[in-house]
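To be precise, the following lines are coords_1.pdb, and they hold PDB, C-alpha atoms and all ligand atoms.
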```pdb
ATOM      1  CA  THR A   1      88.000  90.900  84.906  1.00  0.00           C
ATOM      2  CA  GLU A   2      89.907  90.760  88.160  1.00  0.00           C
ATOM      3  CA  GLN A   3      93.645  90.791  87.811  1.00  0.00           C
ATOM      4  CA  GLN A   4      96.574  90.676  90.227  1.00  0.00           C
ATOM      5  CA  LEU A   5      99.724  92.568  89.370  1.00  0.00           C
ATOM      6  CA  MET A   6     103.054  93.431  90.950  1.00  0.00           C
ATOM      7  CA  ILE A   7     103.925  97.019  90.072  1.00  0.00           C
ATOM      8  CA  PRO A   8     107.307  98.635  90.804  1.00  0.00           C
ATOM      9  CA  ILE A   9     106.950 101.975  92.628  1.00  0.00           C
ATOM     10  CA  HIS A  10     109.795 104.450  92.878  1.00  0.00           C
ATOM     11  CA  GLY A  11     110.313 107.480  95.100  1.00  0.00           C
ATOM     12  CA  MET A  12     109.482 105.944  98.474  1.00  0.00           C
ATOM     13  CA  SER A  13     111.886 107.057 101.216  1.00  0.00           C
ATOM     14  CA  CYS A  14     110.454 105.242 104.216  1.00  0.00           C
ATOM     15  CA  ALA A  15     107.766 102.788 105.246  1.00  0.00           C
ATOM     16  CA  GLY A  16     105.377 105.699 105.743  1.00  0.00           C
ATOM     17  CA  CYS A  17     105.559 106.427 102.029  1.00  0.00           C
ATOM     18  CA  ALA A  18     104.510 102.843 101.347  1.00  0.00           C
ATOM     19  CA  ILE A  19     101.422 103.379 103.522  1.00  0.00           C
ATOM     20  CA  THR A  20     100.652 106.585 101.608  1.00  0.00           C
ATOM     21  CA  VAL A  21     100.797 104.745  98.286  1.00  0.00           C
ATOM     22  CA  GLU A  22      98.701 101.931  99.706  1.00  0.00           C
ATOM     23  CA  ASN A  23      95.984 104.292 101.006  1.00  0.00           C
ATOM     24  CA  THR A  24      95.975 106.279  97.757  1.00  0.00           C
ATOM     25  CA  VAL A  25      95.446 103.172  95.658  1.00  0.00           C
ATOM     26  CA  LYS A  26      92.878 101.641  98.027  1.00  0.00           C
ATOM     27  CA  GLN A  27      90.609 104.670  97.506  1.00  0.00           C
ATOM     28  CA  LEU A  28      90.270 104.064  93.770  1.00  0.00           C
ATOM     29  CA  ASP A  29      87.158 102.435  92.348  1.00  0.00           C
ATOM     30  CA  GLY A  30      87.796  98.895  91.182  1.00  0.00           C
ATOM     31  CA  VAL A  31      90.580  98.111  93.655  1.00  0.00           C
ATOM     32  CA  GLN A  32      90.005  94.897  95.601  1.00  0.00           C
ATOM     33  CA  SER A  33      93.251  95.023  97.552  1.00  0.00           C
ATOM     34  CA  ALA A  34      96.495  96.965  97.571  1.00  0.00           C
ATOM     35  CA  SER A  35      99.648  96.177  99.498  1.00  0.00           C
ATOM     36  CA  VAL A  36     102.963  97.996  99.208  1.00  0.00           C
ATOM     37  CA  ASN A  37     106.257  96.436 100.228  1.00  0.00           C
ATOM     38  CA  PHE A  38     108.733  99.227 100.982  1.00  0.00           C
ATOM     39  CA  GLY A  39     111.703  96.848 100.992  1.00  0.00           C
ATOM     40  CA  ASN A  40     111.297  95.622  97.448  1.00  0.00           C
ATOM     41  CA  GLU A  41     109.447  98.717  96.178  1.00  0.00           C
ATOM     42  CA  GLN A  42     106.503  96.730  94.873  1.00  0.00           C
ATOM     43  CA  LEU A  43     102.787  97.378  94.894  1.00  0.00           C
ATOM     44  CA  THR A  44     100.746  94.180  94.843  1.00  0.00           C
ATOM     45  CA  LEU A  45      97.400  95.165  93.387  1.00  0.00           C
ATOM     46  CA  ARG A  46      94.245  93.185  92.828  1.00  0.00           C
ATOM     47  CA  TYR A  47      91.777  95.154  90.755  1.00  0.00           C
ATOM     48  CA  ASN A  48      88.964  95.068  88.225  1.00  0.00           C
ATOM     49  CA  THR A  49      90.383  95.907  84.813  1.00  0.00           C
ATOM     50  CA  ALA A  50      86.967  97.062  83.586  1.00  0.00           C
ATOM     51  CA  THR A  51      86.733  99.710  86.324  1.00  0.00           C
ATOM     52  CA  LEU A  52      90.246 100.986  86.947  1.00  0.00           C
ATOM     53  CA  THR A  53      92.378 102.087  84.014  1.00  0.00           C
ATOM     54  CA  TRP A  54      96.142 101.965  84.104  1.00  0.00           C
ATOM     55  CA  GLU A  55      96.253 105.676  83.354  1.00  0.00           C
ATOM     56  CA  LYS A  56      94.048 106.539  86.334  1.00  0.00           C
ATOM     57  CA  LEU A  57      96.173 104.381  88.625  1.00  0.00           C
ATOM     58  CA  ARG A  58      99.369 105.980  87.382  1.00  0.00           C
ATOM     59  CA  GLN A  59      97.978 109.509  87.701  1.00  0.00           C
ATOM     60  CA  HIS A  60      96.903 109.029  91.316  1.00  0.00           C
ATOM     61  CA  ILE A  61     100.222 107.511  92.370  1.00  0.00           C
ATOM     62  CA  GLU A  62     102.100 110.386  90.720  1.00  0.00           C
ATOM     63  CA  GLN A  63      99.837 112.985  92.343  1.00  0.00           C
ATOM     64  CA  ALA A  64     100.781 111.453  95.691  1.00  0.00           C
ATOM     65  CA  GLY A  65     104.439 112.067  94.802  1.00  0.00           C
ATOM     66  CA  PHE A  66     105.637 108.663  93.647  1.00  0.00           C
ATOM     67  CA  GLN A  67     106.457 107.040  90.330  1.00  0.00           C
ATOM     68  CA  VAL A  68     105.133 103.970  88.601  1.00  0.00           C
ATOM     69  CA  SER A  69     108.233 102.626  86.935  1.00  0.00           C
ATOM     70  CA  VAL A  70     106.544 100.686  84.156  1.00  0.00           C
ATOM     71  CA  GLN A  71     104.227 101.719  81.345  1.00  0.00           C
ATOM     72  CA  GLN A  72     101.387  99.447  80.406  1.00  0.00           C
TER      73      GLN A  72
HETATM   74 MO1  LIG B 101     108.630 108.899 105.604  1.00  0.00          MO
HETATM   75 MO2  LIG B 101     107.623 109.348 103.024  1.00  0.00          MO
HETATM   76  O1  LIG B 101     108.771 110.041 107.094  1.00  0.00           O
HETATM   77  O2  LIG B 101     106.957 110.980 102.394  1.00  0.00           O
HETATM   78  S1  LIG B 101     106.456 109.034 104.888  1.00  0.00           S
HETATM   79  S2  LIG B 101     109.658 109.867 103.830  1.00  0.00           S
END
```
Produce structure tokens that represent the structure in this file.
Amino acid sequence: TEQQLMIPIHGMSCAGCAITVENTVKQLDGVQSASVNFGNEQLTLRYNTATLTWEKLRQHIEQAGFQVSVQQ
């Protein structure tokens, strides 16, 4: 099932960080689109819930040095 979510991301210090998060998430299987807004600290993600788990998403964002500020 394809789902679109807005996910708060913390730890971004500049617009370059937003690009880093975006590129990290775009590499994951099951992601249709990923867009990060540095100003409001939100990742807009469209993904296949059968392919990408929340845990995998969270782990990759944290490995890149940022925090997902919700648990799901
Ligand atoms: Mo900006 Mo983020 O120079 O690591 S890319 S602080």
Q. Taking all atoms listed in the file into account, which residues are within 8 Å of ligand LIG 101 (chain B), as a PyMOL selection string?
A. chain A and resi 12-20
Q | Nearest residue to Thr51 (chain A) from the set A:Asn23, A:Gly30, A:Phe66, A:His10 (distances using all atoms listed in the file) | A |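 Comparing A:Asn23, A:Gly30, A:Phe66, A:His10 against Thr51 (chain A), the winner is A:Gly30.
Candidate residues A:Leu52, A:Leu57, A:Leu28, A:Ala34 were compared for distance to Val70 (chain A), and the nearest is A:Leu57, using all atoms listed in the file.
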(Q) Neighbouring residues of Thr44 (chain A) were defined as those with any atom within 10 Å, considering only C-alpha atoms; residues of the same chain fewer than 2 positions away were excluded. Please report them as a list in words. (A)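 Selected residues are Gln4, Leu5, Met6, Ile7, Pro8, Glu22, Ser33, Ala34, Ser35, Val36, Asn37, Glu41, Gln42, Arg46 and Tyr47 of chain A.
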Q.
For a quick check of understanding, using all atoms listed in the file, which of A:Val21, A:Glu62, A:Gln67, A:Asp29 has the smallest distance to Thr49 (chain A)?
A.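 For Thr49 (chain A), the nearest of the candidates is A:Asp29.
CA of Phe38 (chain A) sits 18.5 Å away from CA of Gln63 (chain A).
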Q.
One number please: CA of Gly65 (chain A) to CA of Gln32 (chain A), in Å, one decimal.
A. 22.4 Å
Q: To one decimal in Å, tell me the separation between CA of Ile61 (chain A) and CA of Gln3 (chain A).
A: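 Here the two named atoms are 18.5 Å from each other.
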Q. Taking into account all atoms listed in the file, which residue in the set A:Ile9, A:Lys26, A:Asn40, A:Val31 is nearest to Arg58 (chain A)?
A.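 Closest residue, counting all atoms listed in the file: A:Ile9.
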Adding 4 Å on each side of the box along x, y and z that holds all listed atoms of region 26-30 of chain A, could you give its centre and edge lengths in Å to one decimal, as lines of an AutoDock Vina configuration file?
```
center_x = 90.0
center_y = 101.8
center_z = 94.6
size_x = 13.7
size_y = 13.8
size_z = 14.8
```
